[in-house]
Structures are given as structure tokens and as C-alpha cells.
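File shown: run-v8.txt. Contents: compact mmCIF, C-alpha atoms and all ligand atoms.
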```txt
# COMPACT_ATOMS: atom_id res chain seq x y z
CA MET J 1 0.00 0.00 0.00
CA ARG J 2 2.81 2.36 0.87
CA ARG J 3 4.27 1.88 -2.59
CA LEU J 4 0.96 2.42 -4.29
CA LEU J 5 0.50 6.01 -3.13
CA PRO J 6 3.36 7.66 -5.06
CA PHE J 7 2.26 5.69 -8.08
CA LEU J 8 -1.33 6.93 -7.82
CA LEU J 9 -0.10 10.47 -7.27
CA ALA J 10 2.06 10.28 -10.38
CA LEU J 11 -0.88 8.93 -12.33
CA THR J 12 -3.11 11.79 -11.20
CA LEU J 13 -0.53 14.41 -12.11
CA THR J 14 -0.02 12.88 -15.54
CA HIS J 15 -3.75 12.92 -16.08
CA MET J 16 -4.06 16.55 -15.04
CA ALA J 17 -1.23 17.62 -17.32
CA HIS J 18 -2.98 16.14 -20.31
CA ALA J 19 -5.43 18.87 -21.33
CA ALA J 20 -2.97 21.57 -20.32
CA GLU J 21 -0.37 20.06 -22.65
CA ASN J 22 -2.79 20.11 -25.54
CA LEU J 23 -4.21 23.53 -24.95
CA SER J 24 -2.44 26.83 -24.67
CA VAL J 25 -4.25 29.65 -22.94
CA LYS J 26 -3.07 33.21 -23.42
CA ASP J 27 -4.04 36.72 -22.38
CA ALA J 28 -6.71 35.72 -19.88
CA TRP J 29 -8.29 38.81 -18.37
CA VAL J 30 -11.47 40.04 -16.75
CA ARG J 31 -12.92 43.45 -17.51
CA LEU J 32 -12.71 45.72 -14.48
CA PRO J 33 -16.43 46.14 -13.71
CA PRO J 34 -18.24 49.19 -12.39
CA PRO J 35 -19.14 48.75 -8.69
CA GLY J 36 -22.05 46.37 -8.16
CA ALA J 37 -21.98 44.86 -11.66
CA GLU J 38 -23.91 41.59 -11.82
CA ILE J 39 -22.27 40.42 -15.03
CA VAL J 40 -18.62 40.81 -15.96
CA GLY J 41 -16.92 39.90 -19.24
CA ALA J 42 -13.86 37.63 -19.30
CA TYR J 43 -11.61 37.03 -22.27
CA LEU J 44 -8.80 34.72 -23.34
CA THR J 45 -7.19 33.11 -26.33
CA LEU J 46 -7.33 29.34 -26.66
CA GLU J 47 -5.21 27.28 -29.00
CA ALA J 48 -5.63 23.52 -29.00
CA LYS J 49 -3.07 21.06 -30.39
CA GLN J 50 -5.81 18.49 -30.84
CA ASN J 51 -9.45 19.05 -31.69
CA MET J 52 -11.43 19.58 -28.51
CA THR J 53 -14.53 21.35 -27.30
CA LEU J 54 -14.95 23.80 -24.46
CA ILE J 55 -18.06 22.36 -22.83
CA GLY J 56 -18.35 24.36 -19.64
CA VAL J 57 -16.80 27.13 -17.58
CA LYS J 58 -16.91 27.85 -13.87
CA SER J 59 -15.15 30.13 -11.45
CA PRO J 60 -14.88 30.13 -7.68
CA ALA J 61 -15.24 33.93 -7.97
CA ALA J 62 -18.73 33.93 -9.48
CA GLU J 63 -22.03 32.14 -9.09
CA SER J 64 -21.78 30.84 -12.64
CA VAL J 65 -19.98 31.48 -15.90
CA GLU J 66 -21.63 31.48 -19.31
CA MET J 67 -20.16 31.32 -22.81
CA HIS J 68 -21.57 34.10 -24.97
CA THR J 69 -21.36 35.27 -28.53
CA MET J 70 -22.32 38.71 -29.84
CA SER J 71 -24.14 39.42 -33.03
CA MET J 72 -25.69 42.37 -34.77
CA ASN J 73 -29.47 42.18 -34.87
CA ASN J 74 -31.34 45.02 -36.64
CA GLY J 75 -28.48 47.36 -35.82
CA VAL J 76 -28.34 46.30 -32.17
CA MET J 77 -25.52 44.22 -30.68
CA ARG J 78 -26.96 41.29 -28.78
CA MET J 79 -25.36 38.70 -26.53
CA ARG J 80 -26.45 35.13 -26.86
CA GLN J 81 -25.42 32.16 -24.74
CA VAL J 82 -23.74 29.26 -26.56
CA PRO J 83 -23.59 25.72 -25.12
CA SER J 84 -20.01 25.02 -26.21
CA ILE J 85 -17.10 26.34 -28.25
CA ALA J 86 -15.30 24.08 -30.72
CA LEU J 87 -11.50 24.35 -30.77
CA GLN J 88 -9.82 23.09 -33.90
CA ALA J 89 -6.23 21.91 -33.73
CA GLY J 90 -3.82 24.73 -34.51
CA LYS J 91 -6.49 27.40 -34.89
CA PRO J 92 -6.44 30.00 -32.12
CA VAL J 93 -9.86 31.03 -30.87
CA LYS J 94 -9.92 34.51 -29.46
CA LEU J 95 -12.54 35.37 -26.86
CA GLU J 96 -12.56 39.14 -26.96
CA PRO J 97 -14.80 42.18 -26.50
CA GLY J 98 -17.38 42.33 -29.29
CA GLY J 99 -17.11 38.63 -30.09
CA LEU J 100 -17.11 35.32 -28.26
CA HIS J 101 -16.54 35.89 -24.57
CA LEU J 102 -17.12 34.49 -21.11
CA MET J 103 -19.55 36.12 -18.76
CA LEU J 104 -19.08 35.90 -15.02
CA ILE J 105 -22.55 35.94 -13.49
CA LYS J 106 -22.90 37.49 -10.02
CA PRO J 107 -19.33 37.88 -8.82
CA LYS J 108 -19.09 36.75 -5.17
CA GLN J 109 -16.84 39.65 -4.19
CA PRO J 110 -16.15 43.08 -5.67
CA LEU J 111 -13.40 42.78 -8.32
CA LYS J 112 -10.52 45.23 -8.19
CA ALA J 113 -7.86 45.99 -10.78
CA GLY J 114 -5.00 43.52 -10.40
CA ASP J 115 -7.09 40.80 -8.75
CA ILE J 116 -6.58 37.30 -10.10
CA VAL J 117 -9.74 35.35 -10.94
CA GLN J 118 -9.44 31.59 -11.37
CA ILE J 119 -11.38 30.25 -14.33
CA ASP J 120 -12.03 26.53 -14.72
CA LEU J 121 -12.36 25.37 -18.31
CA SER J 122 -14.02 22.00 -18.91
CA LEU J 123 -12.84 20.44 -22.13
CA SER J 124 -13.94 17.38 -24.00
CA SER J 125 -11.50 15.70 -26.35
CA SER J 126 -12.57 14.24 -29.68
CA GLN J 127 -12.31 10.82 -27.97
CA GLY J 128 -14.94 12.00 -25.51
CA LYS J 129 -12.63 12.35 -22.49
CA SER J 130 -13.32 15.41 -20.41
CA GLU J 131 -10.94 17.34 -18.22
CA THR J 132 -10.94 20.62 -16.39
CA ILE J 133 -8.06 23.05 -16.34
CA ARG J 134 -7.78 26.11 -14.15
CA VAL J 135 -6.42 29.33 -15.60
CA PRO J 136 -5.70 32.62 -13.82
CA ALA J 137 -7.19 35.79 -15.33
CA VAL J 138 -6.17 39.27 -14.24
CA VAL J 139 -8.78 41.96 -13.62
CA ARG J 140 -8.00 45.07 -15.63
CA LYS J 141 -9.39 47.84 -17.82
CA PRO J 142 -9.65 47.08 -21.55
CA ASN J 143 -6.59 48.25 -23.53
CU CU I 201 -22.01 38.25 -22.46
```
Would you kindly transcribe this structure into C-alpha cells?
Amino acid sequence: MRRLLPFLLALTLTHMAHAAENLSVKDAWVRLPPPGAEIVGAYLTLEAKQNMTLIGVKSPAAESVEMHTMSMNNGVMRMRQVPSIALQAGKPVKLEPGGLHLMLIKPKQPLKAGDIVQIDLSLSSSQGKSETIRVPAVVRKPN
């Protein structure tokens, strides 16, 4: 039994590294919200080495997180929730203001510039395996 533990630990770590190895996450940030904001945009760039799908997002800093897209409808920009975001191997997907983005719903605490918000991305591989990776996003004003 004593020998089994390091082995199991190694196995767990290998498993956790898997999605992270196949996905690069860049420029993760959260828009500095006005005081009392109930919804806050979050943005990042995802590039997968293998085809995978972003199937869910959570954060310990908010009640829930939704994936949204924006589209022009009769001259009005509208946000619409999407159930998932497909990531094709080698094609960066940019979640940015005015396009695909994440929406933190009901932040649990006021967000200040420079705060780090943890965002948990749930990914499903093309083989149907799912994994969650945690990425830090900094709270800041848009550039
Ligand atoms: Cu939105």
C-alpha cells in the first residue's frame, strides 16, 4: 500500500497535465467592472493542439460562468449564450470584447484591478474524455 500512493499520485498528475499540454491559454483577463456589476466579461485566447470542445466554464469567484457570442441584430448588438465552443487543432480562438466571450454571473466579491480570478475550463476531447483546467485571469481595464 505504501508503494501504491506515489504511483497513484504520479498517475493523477499525468492525467491533469494532459489537457494543459494540448491547450495553450493566453491573455486571460477580466474586464474591471463598475461597482455592483452583476455580469462581468472575461476574455482569453485558446489554442488547441488536438481538436477539442470547451463544454463548460466555472469560477470560484462567481455564481456561474456562461459562454456568450455577440451578433448584430437590426443594428443592435446582442449577446447570446452558446452551449459550447469548438476548438480546432492549430487554430487560435480569441474570446474578446465584441465577439465570443465568457460572462461571469454574479461575482461573489467586488473585483478590483490587479485581482486574479481563477477560471475553470471544462474540455472534452474528440475521444470524448473530459478534463478541467484552471487558468488565472487578471482583472484590468480594456486596452
Ligand atoms: Cu455576455
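One distance worth recording is that between CA of Val93 (chain J) and CA of Lys108 (chain J), which is 27.9 Å.
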Considering all atoms listed in the file, can you say which of J:Asn22, J:Ser71, J:Gln81, J:Ser125 comes closest to Gly98 (chain J)?
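Selected residue with least distance to Gly98 (chain J): J:Ser71.
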Using 9 Å as the limit and counting only C-alpha atoms and all ligand atoms, can you tabulate each residue of chain J that touches ligand CU 201 (chain I), with its shortest atom-to-atom distance in Å and the two atoms involved, as a Markdown table?
```
| residue | atom | partner | partner_atom | distance |
| --- | --- | --- | --- | --- |
| J:Ile39 | CA | I:CU201 | CU | 7.7 |
| J:Val40 | CA | I:CU201 | CU | 7.8 |
| J:Gly41 | CA | I:CU201 | CU | 6.2 |
| J:Ala42 | CA | I:CU201 | CU | 8.8 |
| J:Glu66 | CA | I:CU201 | CU | 7.5 |
| J:Met67 | CA | I:CU201 | CU | 7.2 |
| J:His68 | CA | I:CU201 | CU | 4.9 |
| J:Thr69 | CA | I:CU201 | CU | 6.8 |
| J:Met70 | CA | I:CU201 | CU | 7.4 |
| J:Arg78 | CA | I:CU201 | CU | 8.6 |
| J:Met79 | CA | I:CU201 | CU | 5.3 |
| J:Arg80 | CA | I:CU201 | CU | 7.0 |
| J:Gln81 | CA | I:CU201 | CU | 7.3 |
| J:Leu100 | CA | I:CU201 | CU | 8.1 |
| J:His101 | CA | I:CU201 | CU | 6.3 |
| J:Leu102 | CA | I:CU201 | CU | 6.3 |
| J:Met103 | CA | I:CU201 | CU | 4.9 |
| J:Leu104 | CA | I:CU201 | CU | 8.3 |
```
What separates CA of Gln109 (chain J) and CA of Pro136 (chain J) is a distance of 16.3 Å
What is the distance between CA of Val30 (chain J) and CA of Ser124 (chain J), in Å to one decimal?
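Going from CA of Val30 (chain J) over to CA of Ser124 (chain J) covers 23.9 Å.
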With only C-alpha atoms as the basis for distance, which of J:Leu54, J:Leu32, J:Ala61, J:Leu44 is at the shortest distance from Glu131 (chain J)?
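Selected residue with least distance to Glu131 (chain J): J:Leu54.
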Using only C-alpha atoms, can you list as a PyMOL selection string the residues within 12 Å of (-15.0, 28.3, -28.0)?
chain J and resi 25+43-48+51-57+66-69+81-88+91-96+99-102+121-124
Axis-aligned box for all listed atoms of region 27-42 of chain J, 4 Å per side, centre and edges in Å to one decimal, as lines of an AutoDock Vina configuration file:
```
center_x = -14.0
center_y = 42.5
center_z = -15.3
size_x = 27.9
size_y = 21.5
size_z = 22.2
```
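Of the residues under consideration (J:Met77, J:Ile119, J:Ala113, J:Ala62), J:Ala113 shows the shortest atom-to-atom contact distance to Arg31 (chain J) when counting all atoms listed in the file.
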Using only C-alpha atoms, which residue out of J:Val117, J:Lys141, J:Thr132, J:Val76 lies closest to Ala28 (chain J)?
J:Val117
